[in-house]
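Chemist: Below is the file run.cif, which contains mmCIF, C-alpha atoms.
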```
data_run
loop_
_atom_site.label_atom_id
_atom_site.label_comp_id
_atom_site.auth_asym_id
_atom_site.auth_seq_id
_atom_site.Cartn_x
_atom_site.Cartn_y
_atom_site.Cartn_z
CA MET A 25 6.02 12.67 111.05
CA THR A 26 8.68 14.51 113.01
CA THR A 27 12.40 13.97 112.41
CA ASN A 28 12.90 12.62 115.91
CA TRP A 29 10.25 9.94 115.48
CA LEU A 30 11.79 9.03 112.11
CA LEU A 31 15.29 8.73 113.61
CA PHE A 32 13.96 6.61 116.46
CA ARG A 33 12.04 4.33 114.10
CA ILE A 34 14.91 3.81 111.64
CA TYR A 35 17.48 3.00 114.35
CA PHE A 36 14.95 0.81 116.13
CA MET A 37 14.31 -1.24 112.99
CA ALA A 38 17.97 -1.39 111.99
CA SER A 39 19.24 -2.60 115.38
CA GLY A 40 16.26 -4.89 115.98
CA PHE A 41 17.18 -6.96 112.96
CA THR A 42 20.96 -6.87 113.39
CA PHE A 43 22.66 -9.72 115.20
CA SER A 44 25.98 -9.36 117.04
CA GLY A 45 25.89 -5.55 117.04
CA GLY A 46 28.71 -3.55 115.52
CA MET A 47 27.89 -1.82 112.28
CA ALA A 48 26.09 -4.67 110.54
CA MET A 49 23.09 -2.34 110.57
CA LEU A 50 24.83 0.20 108.32
CA PRO A 51 23.17 -0.86 105.02
CA VAL A 52 19.67 -0.25 106.46
CA ILE A 53 20.69 3.16 107.85
CA GLU A 54 22.30 4.12 104.56
CA ARG A 55 19.24 3.18 102.53
CA GLU A 56 16.76 4.94 104.81
CA LEU A 57 18.67 8.11 105.75
CA CYS A 58 20.85 8.71 102.67
CA ASP A 59 19.06 7.20 99.67
CA ARG A 60 15.41 7.62 100.58
CA ARG A 61 15.31 10.73 102.74
CA HIS A 62 18.56 12.59 101.99
CA LEU A 63 18.92 13.61 105.63
CA ILE A 64 22.68 12.99 105.74
CA THR A 65 25.37 12.46 103.08
CA LYS A 66 26.98 9.07 102.67
CA ALA A 67 30.39 10.63 103.28
CA ALA A 68 29.23 11.96 106.67
CA LEU A 69 27.59 8.65 107.60
CA TYR A 70 30.78 6.73 106.81
CA GLU A 71 32.93 9.23 108.66
CA TYR A 72 30.78 8.86 111.78
CA THR A 73 30.86 5.09 111.41
CA THR A 74 34.66 4.98 111.32
CA LEU A 75 34.79 7.40 114.20
CA SER A 76 32.36 5.43 116.37
CA GLN A 77 34.60 2.41 115.89
CA SER A 78 37.58 4.23 117.34
CA LEU A 79 35.88 5.94 120.29
CA PRO A 80 35.18 4.11 123.56
CA GLY A 81 31.64 2.88 124.09
CA VAL A 82 29.06 0.82 122.25
CA ILE A 83 29.69 1.31 118.51
CA ALA A 84 26.06 1.13 117.35
CA VAL A 85 24.93 3.57 120.05
CA THR A 86 27.76 6.02 119.35
CA ASN A 87 26.92 5.90 115.66
CA ALA A 88 23.22 6.54 116.34
CA CYS A 89 24.13 9.50 118.58
CA PHE A 90 26.42 11.01 115.95
CA VAL A 91 23.91 10.71 113.14
CA GLY A 92 20.96 11.83 115.29
CA ARG A 93 22.91 14.82 116.58
CA LYS A 94 24.00 15.81 113.08
CA ILE A 95 20.46 15.61 111.69
CA ASN A 96 18.45 17.05 114.57
CA GLY A 97 20.64 18.29 117.41
CA ARG A 98 20.41 17.06 120.99
CA ALA A 99 16.85 15.72 120.64
CA GLY A 100 17.81 13.80 117.50
CA MET A 101 20.78 12.30 119.34
CA LEU A 102 18.53 10.97 122.10
CA ALA A 103 15.86 9.73 119.68
CA ALA A 104 18.32 7.75 117.53
CA GLY A 105 20.22 6.52 120.60
CA ILE A 106 17.07 5.20 122.31
CA GLY A 107 16.01 3.60 119.04
CA ALA A 108 19.35 1.77 118.81
CA VAL A 109 19.21 0.47 122.42
CA LEU A 110 15.53 -0.40 122.87
CA PRO A 111 15.26 -3.60 120.74
CA ALA A 112 18.31 -5.23 122.34
CA PHE A 113 17.14 -4.20 125.82
CA THR A 114 13.58 -5.51 125.41
CA LEU A 115 14.51 -8.76 123.67
CA MET A 116 17.34 -9.50 126.09
CA LEU A 117 15.08 -8.79 129.07
CA ALA A 118 12.55 -11.31 127.75
CA ALA A 119 15.26 -13.84 126.90
CA THR A 120 16.84 -13.54 130.36
CA ALA A 121 13.47 -13.93 132.07
CA ALA A 122 12.83 -17.07 129.98
CA TYR A 123 16.34 -18.36 130.74
CA GLN A 124 15.68 -17.96 134.47
CA GLN A 125 12.65 -20.26 134.09
CA ILE A 126 14.60 -23.16 132.54
CA PRO A 127 14.54 -26.06 135.03
CA ARG A 128 18.02 -26.71 136.43
CA ALA A 129 17.67 -30.51 136.38
CA GLY A 130 17.95 -33.65 134.28
CA VAL A 131 18.37 -33.26 130.56
CA TRP A 132 18.20 -29.45 130.82
CA LEU A 133 21.49 -29.41 132.70
CA ALA A 134 23.11 -31.48 129.93
CA VAL A 135 21.71 -29.15 127.25
CA MET A 136 22.96 -26.03 129.05
CA GLN A 137 26.34 -27.63 129.65
CA ALA A 138 26.73 -28.35 125.92
CA ILE A 139 25.64 -24.82 124.99
CA ARG A 140 28.29 -23.45 127.36
CA ALA A 141 30.91 -25.46 125.49
CA ALA A 142 29.62 -23.95 122.23
CA SER A 143 29.86 -20.54 123.86
CA ALA A 144 33.56 -21.14 124.62
CA ALA A 145 34.07 -22.13 120.97
CA PHE A 146 32.50 -18.83 119.82
CA LEU A 147 35.08 -16.95 121.87
CA PHE A 148 37.96 -18.86 120.27
CA THR A 149 36.71 -18.02 116.77
CA ALA A 150 36.10 -14.38 117.73
CA ALA A 151 39.66 -14.20 119.04
CA TYR A 152 40.97 -15.80 115.88
CA ARG A 153 39.24 -13.16 113.74
CA LEU A 154 40.44 -10.28 115.94
CA ALA A 155 43.97 -11.70 115.83
CA LYS A 156 43.96 -12.16 112.06
CA TYR A 157 43.32 -8.46 111.44
CA ASN A 158 45.26 -6.94 114.29
CA LEU A 159 48.38 -9.03 114.97
CA THR A 160 50.34 -7.52 112.13
CA ASP A 161 53.62 -6.51 113.79
CA PRO A 162 55.90 -7.70 116.64
CA VAL A 163 54.57 -5.12 119.13
CA ALA A 164 50.99 -6.29 118.54
CA ILE A 165 51.90 -9.98 118.83
CA GLY A 166 53.84 -9.30 122.03
CA LEU A 167 50.92 -7.36 123.53
CA ALA A 168 48.42 -10.12 122.68
CA ALA A 169 50.65 -12.87 124.09
CA PHE A 170 51.39 -10.91 127.26
CA CYS A 171 47.71 -10.11 127.90
CA LEU A 172 46.77 -13.76 127.37
CA LEU A 173 49.40 -15.07 129.79
CA ALA A 174 48.90 -12.39 132.43
CA THR A 175 45.14 -13.08 132.49
CA VAL A 176 45.26 -16.89 132.42
CA LEU A 177 47.85 -16.88 135.22
CA GLY A 178 45.83 -14.28 137.14
CA LEU A 179 48.74 -11.81 137.35
CA LEU A 180 47.07 -8.55 136.26
CA THR A 181 43.47 -7.32 135.94
CA THR A 182 41.81 -6.73 132.57
CA PRO A 183 41.15 -2.96 132.95
CA LEU A 184 44.81 -2.47 133.91
CA LEU A 185 46.01 -4.45 130.89
CA ILE A 186 43.79 -2.41 128.55
CA VAL A 187 45.11 0.89 129.92
CA ALA A 188 48.69 -0.39 129.67
CA ALA A 189 48.15 -1.63 126.10
CA GLY A 190 46.78 1.80 125.13
CA ALA A 191 49.84 3.48 126.65
CA ILE A 192 52.20 1.10 124.82
CA GLY A 193 50.29 1.83 121.59
CA LEU A 194 50.81 5.56 122.12
CA ILE A 195 54.55 5.07 122.56
CA ALA A 196 55.08 2.46 119.84
CA TYR A 197 52.92 4.09 117.16
CA ARG A 198 53.65 7.79 117.79
CA PRO A 199 54.40 9.74 114.62
CA ARG A 200 58.07 9.63 113.59
CA LYS A 201 59.78 13.01 113.31
CA GLU A 202 60.45 12.60 109.57
CA ALA A 203 56.79 11.93 108.89
CA ASN A 204 55.76 15.16 110.59
CA ARG A 205 57.74 17.50 108.36
CA MET B 23 25.08 -3.82 144.57
CA ILE B 24 23.48 -1.56 141.99
CA TRP B 25 26.24 1.03 142.46
CA ALA B 26 28.91 -1.63 142.03
CA MET B 27 27.21 -2.65 138.76
CA ILE B 28 26.95 0.92 137.53
CA TRP B 29 30.62 1.49 138.34
CA ALA B 30 31.51 -1.74 136.52
CA TYR B 31 29.57 -0.69 133.43
CA LEU B 32 31.14 2.77 133.45
CA LYS B 33 34.53 1.05 133.28
CA ILE B 34 33.28 -1.28 130.54
CA GLY B 35 31.96 1.69 128.55
CA PHE B 36 34.92 4.01 128.88
CA LEU B 37 37.63 1.34 128.49
CA GLY B 38 35.64 -0.56 125.88
CA PHE B 39 37.41 0.36 122.67
CA GLY B 40 36.77 -1.59 119.50
CA GLY B 41 33.27 -2.75 120.37
CA GLY B 42 31.73 -6.22 120.50
CA TYR B 43 34.11 -9.02 121.28
CA ALA B 44 36.91 -6.57 122.12
CA MET B 45 34.76 -5.48 125.08
CA LEU B 46 33.82 -9.00 126.09
CA SER B 47 36.97 -9.71 128.13
CA LEU B 48 36.27 -6.58 130.14
CA ILE B 49 32.64 -7.64 130.60
CA TYR B 50 33.82 -11.07 131.78
CA ALA B 51 36.32 -9.63 134.25
CA GLU B 52 33.85 -7.12 135.70
CA SER B 53 30.89 -9.53 135.82
CA THR B 54 32.81 -12.25 137.66
CA LYS B 55 33.87 -9.57 140.15
CA LEU B 56 30.15 -8.83 140.61
CA GLY B 57 29.52 -12.47 141.49
CA LEU B 58 28.49 -13.94 138.12
CA THR B 59 29.79 -17.51 137.69
CA PRO B 60 31.76 -18.47 134.54
CA ALA B 61 28.81 -20.74 133.65
CA GLN B 62 26.37 -17.79 133.84
CA PHE B 63 28.76 -15.80 131.66
CA ALA B 64 28.88 -18.65 129.12
CA ASP B 65 25.06 -18.62 129.10
CA LEU B 66 25.11 -14.86 128.52
CA ASN B 67 27.41 -15.33 125.54
CA ALA B 68 25.06 -17.97 124.11
CA LEU B 69 21.98 -15.74 124.65
CA ASP B 70 23.84 -12.91 122.94
CA GLY B 71 24.16 -15.16 119.90
CA LEU B 72 20.38 -15.63 119.85
CA ILE B 73 19.33 -12.01 120.43
CA PRO B 74 20.01 -9.06 118.10
CA GLY B 75 21.98 -6.12 119.41
CA PRO B 76 25.42 -5.17 120.73
CA VAL B 77 26.91 -7.51 123.33
CA ALA B 78 27.59 -4.61 125.72
CA ILE B 79 23.86 -3.78 125.83
CA ASN B 80 22.81 -7.44 125.98
CA SER B 81 25.21 -8.19 128.84
CA ALA B 82 24.16 -5.11 130.80
CA THR B 83 20.50 -6.08 130.52
CA TYR B 84 21.23 -9.72 131.42
CA ILE B 85 23.36 -8.96 134.45
CA GLY B 86 20.94 -6.30 135.68
CA GLN B 87 17.96 -8.62 135.28
CA LEU B 88 19.70 -11.48 137.11
CA ALA B 89 20.77 -9.21 139.96
CA GLY B 90 17.61 -7.21 140.57
CA GLY B 91 15.03 -7.38 137.80
CA PHE B 92 13.69 -4.74 135.42
CA TRP B 93 14.82 -1.46 137.01
CA VAL B 94 18.35 -2.62 137.68
CA ALA B 95 18.55 -3.94 134.11
CA LEU B 96 17.38 -0.55 132.81
CA ALA B 97 19.82 1.41 134.98
CA VAL B 98 22.82 -0.72 133.97
CA THR B 99 21.84 -0.62 130.29
CA LEU B 100 21.59 3.18 130.36
CA THR B 101 24.97 3.34 132.10
CA VAL B 102 26.74 1.58 129.24
CA CYS B 103 25.41 4.29 126.87
CA ILE B 104 27.00 7.15 128.82
CA PRO B 105 30.32 7.18 126.86
CA SER B 106 28.41 7.76 123.60
CA LEU B 107 26.50 10.67 125.15
CA VAL B 108 29.79 12.15 126.42
CA PHE B 109 32.01 11.69 123.37
CA VAL B 110 29.57 12.60 120.59
CA PRO B 111 28.91 16.19 121.76
CA LEU B 112 32.58 16.53 122.75
CA TYR B 113 33.64 15.55 119.25
CA MET B 114 31.08 17.80 117.58
CA HIS B 115 32.51 20.78 119.46
CA ASN B 116 36.17 19.99 118.75
CA GLU B 117 35.99 18.31 115.36
CA GLN B 118 39.21 19.73 113.92
CA LEU B 119 41.19 19.00 117.04
CA ILE B 120 40.28 15.33 117.17
CA GLN B 121 40.38 14.58 113.47
CA GLU B 122 44.06 15.48 113.21
CA ASN B 123 44.92 13.67 116.37
CA TRP B 124 47.22 10.66 115.83
CA ALA B 125 46.85 9.62 119.47
CA LEU B 126 43.43 7.97 119.11
CA ASN B 127 44.74 5.80 116.30
CA ALA B 128 47.91 4.79 118.19
CA LEU B 129 45.86 4.03 121.31
CA LEU B 130 43.61 1.69 119.33
CA ARG B 131 46.55 -0.03 117.65
CA GLY B 132 47.75 -0.96 121.13
CA ILE B 133 44.36 -1.96 122.53
CA LYS B 134 43.09 -4.13 119.66
CA PRO B 135 45.82 -6.81 119.79
CA ALA B 136 45.54 -6.74 123.58
CA SER B 137 41.81 -7.51 123.29
CA ALA B 138 42.60 -10.45 121.01
CA GLY B 139 44.87 -11.90 123.72
CA LEU B 140 42.36 -11.09 126.46
CA ILE B 141 39.49 -12.80 124.66
CA VAL B 142 41.58 -15.97 124.22
CA ALA B 143 42.13 -15.88 127.97
CA VAL B 144 38.35 -15.74 128.56
CA ALA B 145 37.85 -18.58 126.05
CA VAL B 146 40.47 -20.66 127.89
CA GLN B 147 38.75 -19.98 131.22
CA LEU B 148 35.34 -20.96 129.85
CA ALA B 149 36.81 -24.11 128.28
CA LEU B 150 38.45 -25.07 131.59
CA THR B 151 35.13 -24.60 133.43
CA THR B 152 32.88 -26.38 130.96
CA ILE B 153 35.19 -29.19 129.89
CA GLY B 154 37.34 -29.73 132.95
CA GLY B 155 35.08 -28.51 135.77
CA ILE B 156 37.92 -26.34 137.14
CA ASP B 157 38.29 -22.59 137.46
CA SER B 158 41.98 -21.96 136.72
CA VAL B 159 45.00 -23.49 134.98
CA PHE B 160 46.53 -24.18 138.39
CA ALA B 161 43.85 -26.81 139.03
CA LEU B 162 44.56 -28.81 135.86
CA ALA B 163 45.64 -31.84 137.91
CA THR B 164 42.14 -32.15 139.39
CA ALA B 165 40.25 -31.72 136.08
CA HIS B 166 37.67 -34.31 134.97
CA VAL B 167 37.23 -34.20 131.22
CA ASP B 168 33.59 -33.98 130.09
CA TRP B 169 33.80 -35.67 126.68
CA VAL B 170 30.43 -34.42 125.40
CA SER B 171 31.45 -30.79 126.04
CA LEU B 172 34.82 -31.36 124.42
CA ALA B 173 33.12 -32.82 121.34
CA VAL B 174 30.68 -29.87 121.16
CA LEU B 175 33.52 -27.38 121.43
CA GLY B 176 35.42 -29.11 118.63
CA VAL B 177 32.41 -29.40 116.31
CA VAL B 178 31.26 -25.81 116.85
CA LEU B 179 34.80 -24.49 116.38
CA VAL B 180 35.17 -26.21 113.01
CA LEU B 181 31.67 -25.30 111.74
CA ASP B 182 32.11 -21.67 112.80
CA LEU B 183 35.66 -21.22 111.49
CA LYS B 184 35.38 -23.11 108.21
CA TRP B 185 31.79 -22.47 107.14
CA GLN B 186 30.61 -19.52 109.33
CA VAL B 187 27.47 -21.47 110.25
CA ASN B 188 24.79 -19.23 111.86
CA PRO B 189 25.27 -19.10 115.68
CA VAL B 190 21.55 -19.81 116.24
CA VAL B 191 21.97 -23.10 114.34
CA LEU B 192 25.17 -23.90 116.24
CA ILE B 193 23.54 -23.28 119.63
CA ALA B 194 20.60 -25.51 118.68
CA LEU B 195 23.02 -28.20 117.48
CA ALA B 196 25.01 -27.99 120.72
CA GLY B 197 21.78 -28.38 122.72
CA VAL B 198 20.80 -31.47 120.71
CA ILE B 199 24.25 -33.04 121.19
CA GLY B 200 23.97 -32.34 124.93
CA ALA B 201 20.53 -33.99 125.14
CA VAL B 202 21.62 -37.03 123.09
CA GLY B 203 24.73 -37.36 125.25
CA TYR B 204 22.55 -37.30 128.36
CA TRP B 205 20.22 -40.07 127.13
CA VAL B 206 22.93 -42.25 125.59
CA LEU B 207 25.67 -41.91 128.21
CA GLY B 208 23.22 -41.08 131.02
#
```
Kindly transcribe the structure held in the file into structure tokens.
Modeler:
Amino acid sequence: MTTNWLLFRIYFMASGFTFSGGMAMLPVIERELCDRRHLITKAALYEYTTLSQSLPGVIAVTNACFVGRKINGRAGMLAAGIGAVLPAFTLMLAATAAYQQIPRAGVWLAVMQAIRAASAAFLFTAAYRLAKYNLTDPVAIGLAAFCLLATVLGLLTTPLLIVAAGAIGLIAYRPRKEANR
Amino acid sequence: MIWAMIWAYLKIGFLGFGGGYAMLSLIYAESTKLGLTPAQFADLNALDGLIPGPVAINSATYIGQLAGGFWVALAVTLTVCIPSLVFVPLYMHNEQLIQENWALNALLRGIKPASAGLIVAVAVQLALTTIGGIDSVFALATAHVDWVSLAVLGVVLVLDLKWQVNPVVLIALAGVIGAVGYWVLG
């Protein structure tokens, strides 16, 4: 079995059984690539995991690309990357096709309406969790409040707010001169 | 249309720091610009709870499939992977340079709280649409409260926050409440 096929298969399995993305698939990757096959060290895997969380893009895909590239160069990167994307793509394609077939009438409308309300609730809890870990200082609280208001009132667009928040982060959290010496 | 979607998903990919829900506000903003209704976005978020995989991939596939079927879905899904294919080789070639760079960290410390605020804004917009039947806070005076939806939102919020009940179970529960509400209140 070639390394590329192995990388594809492991990332395919790991992401096919992982809900809500992110790095919930890490334990499977660690067991298969570090413990069983010794293709990458745990230290390297964790470093790439942290890194993929701070680079733009889809975290699970970035992680797959890093690990694949490290183990087997450009081909390994593609193999692991495709493995990470394929389950979500196929399952979502099937789910969307099924969703398009749901009759838009009678009790189905009521069911969908209720599920949309649940969907809004999920966003509130997601926001609560993001806020709990990230609103730790006045700058962060100010940024969150401003982005919320500016969006709800339709004042500024989301991409603009993200770029501005990044710029404010750069200014507010730049290294202090004392710390550099 | 397909080029507008690819452009939208390039923005989502390259501005999407922090993954998952941090990207969702961007996905919402871009997808409504592409003509998706808030209700269709709420459905996407529910489907994402049922299907494994990152929300960025799931949303790309969903939006592509709704707009033009398989090939559009494939093209948009591949687009959202481009940042990974750009940054991974870039990092591998300049490892030292990036590792000692404080800027990436500072950038993220600004963007993460912003995404928390932005995702509340999306939640508020979805709540206004589903519960009040309106599309902005300026229309609050004309809102009609849908009590079943309000009850579902409250129940799901509590079950999710206090007991982290599995989203698949919560979506099924919401559907049942919706059906019962339809037959009882009709």
Chemist: Decode the PyMOL selection byres ((chain B and resi 184-195) around 12) for the given file into explicit residues and return them as a VMD selection string.
Modeler: (chain A and resid 43 to 44 135 to 147 149 to 150 152 to 153) or (chain B and resid 64 to 65 67 to 74 173 to 183 196 to 202)
Chemist: Name all residues at most 10 Å from range 92-99 of chain B (count all atoms listed in the file; drop same-chain ones fewer than 6 positions away) and give them as a CSV table (one decimal) with C-alpha atoms, in the frame of the given file.
Modeler:
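This went into part_38.csv:
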```csv
chain,number,residue,atom,x,y,z
A,109,VAL,CA,19.2,0.5,122.4
A,110,LEU,CA,15.5,-0.4,122.9
A,112,ALA,CA,18.3,-5.2,122.3
A,113,PHE,CA,17.1,-4.2,125.8
A,114,THR,CA,13.6,-5.5,125.4
A,116,MET,CA,17.3,-9.5,126.1
A,117,LEU,CA,15.1,-8.8,129.1
A,121,ALA,CA,13.5,-13.9,132.1
B,23,MET,CA,25.1,-3.8,144.6
B,24,ILE,CA,23.5,-1.6,142.0
B,25,TRP,CA,26.2,1.0,142.5
B,27,MET,CA,27.2,-2.6,138.8
B,28,ILE,CA,27.0,0.9,137.5
B,29,TRP,CA,30.6,1.5,138.3
B,30,ALA,CA,31.5,-1.7,136.5
B,31,TYR,CA,29.6,-0.7,133.4
B,32,LEU,CA,31.1,2.8,133.4
B,78,ALA,CA,27.6,-4.6,125.7
B,79,ILE,CA,23.9,-3.8,125.8
B,80,ASN,CA,22.8,-7.4,126.0
B,81,SER,CA,25.2,-8.2,128.8
B,82,ALA,CA,24.2,-5.1,130.8
B,83,THR,CA,20.5,-6.1,130.5
B,84,TYR,CA,21.2,-9.7,131.4
B,85,ILE,CA,23.4,-9.0,134.4
B,86,GLY,CA,20.9,-6.3,135.7
```
Chemist: Could you spell out the hits of the PyMOL selection byres ((chain B and resi 133) around 8) on the shown file, as a PyMOL selection string?
Modeler: (chain A and resi 186-187+189-190+193) or (chain B and resi 39+129-132+134-137)
Chemist: Rounded to one decimal in Å, what is the spacing between CA of Asn116 in chain B and CA of Ala108 in chain A?
Modeler: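 Between these atoms lies a distance of 24.8 Å.
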Chemist: Counting only C-alpha atoms, which residues of range 39-152 of chain B sit at most 12 Å from some atom of range 90-104 of chain A, and what is each one's closest atom pair with its distance in Å to one decimal, listed by chain and rising residue number, as CSV?
Modeler:
```
residue,atom,partner,partner_atom,distance
B:Leu100,CA,A:Leu102,CA,11.8
B:Cys103,CA,A:Leu102,CA,10.7
B:Ile104,CA,A:Leu102,CA,11.5
B:Ser106,CA,A:Phe90,CA,8.5
B:Leu107,CA,A:Met101,CA,8.3
B:Val108,CA,A:Phe90,CA,11.1
B:Phe109,CA,A:Phe90,CA,9.3
B:Val110,CA,A:Phe90,CA,5.8
B:Pro111,CA,A:Arg93,CA,8.0
B:Leu112,CA,A:Phe90,CA,10.7
B:Tyr113,CA,A:Phe90,CA,9.1
B:Met114,CA,A:Phe90,CA,8.4
B:His115,CA,A:Arg93,CA,11.7
```
Chemist: Name every residue that the PyMOL selection byres ((chain A and resi 159) around 10) selects in this structure, writing the answer as a list in words with chains first and numbers rising.
Modeler: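 Answer for the PyMOL selection byres ((chain A and resi 159) around 10): Leu154, Ala155, Lys156, Tyr157, Asn158, Thr160, Asp161, Pro162, Val163, Ala164, Ile165, Gly166, Leu167 and Ala168 of chain A; Arg131, Lys134, Pro135, Ala136, Ala138 and Gly139 of chain B.
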Chemist: Which one is closest to chain A: B:Ala125, B:Leu58, B:Ala89, B:Leu162? Count all atoms listed in the file.
Modeler: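 Looking only at the distances to chain A, the closest residue turns out to be B:Ala125.
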Chemist: Please, what distance in Å, to one decimal, runs between CA of Leu185 in chain A and CA of Ala143 in chain B?
Modeler: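 Straight-line distance from CA of Leu185 in chain A to CA of Ala143 in chain B works out to 12.4 Å.
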Chemist: Around the point (33.8, 3.8, 124.2) (coordinates from the file), which residues reach within 12 Å if we count all atoms listed in the file? Answer as a PyMOL selection string.
Modeler: (chain A and resi 75-87) or (chain B and resi 31-42+44-45+78+101-110+126+130)
Chemist: Go through B:Ala51, B:Gly75, B:Gln62, B:Ala149 and flag the residue nearest Tyr35 in chain A, using only C-alpha atoms for the distances.
Modeler: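 Ranking B:Ala51, B:Gly75, B:Gln62, B:Ala149 by distance to Tyr35 in chain A, first place goes to B:Gly75.
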Chemist: Would you mind telling me which residue in B:Ile156, B:Val77, B:Val206, B:Ala165 lies nearest to chain A when using only C-alpha atoms?
Modeler: B:Val77
Chemist: With distances taken over only C-alpha atoms, which of B:Asn123, B:Ser53, B:Thr164, B:Ser47 is nearest to chain A?
Modeler: B:Ser47
Chemist: Which one of A:Pro127, A:Gly107, A:Pro51, A:Gly40 sits closest to chain B if you count only C-alpha atoms?
Modeler: A:Gly40
Chemist: Looking at only C-alpha atoms, which of B:Gly57, B:Pro76, B:Trp124, B:Phe63 is the one that sits closest to Tyr197 in chain A?
Modeler: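 Of B:Gly57, B:Pro76, B:Trp124, B:Phe63, the one nearest Tyr197 in chain A is B:Trp124, counting only C-alpha atoms.
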Chemist: Could you please determine the separation between CA of Tyr50 in chain B and CA of Tyr123 in chain A in Å, to one decimal place?
Modeler: 19.0 Å
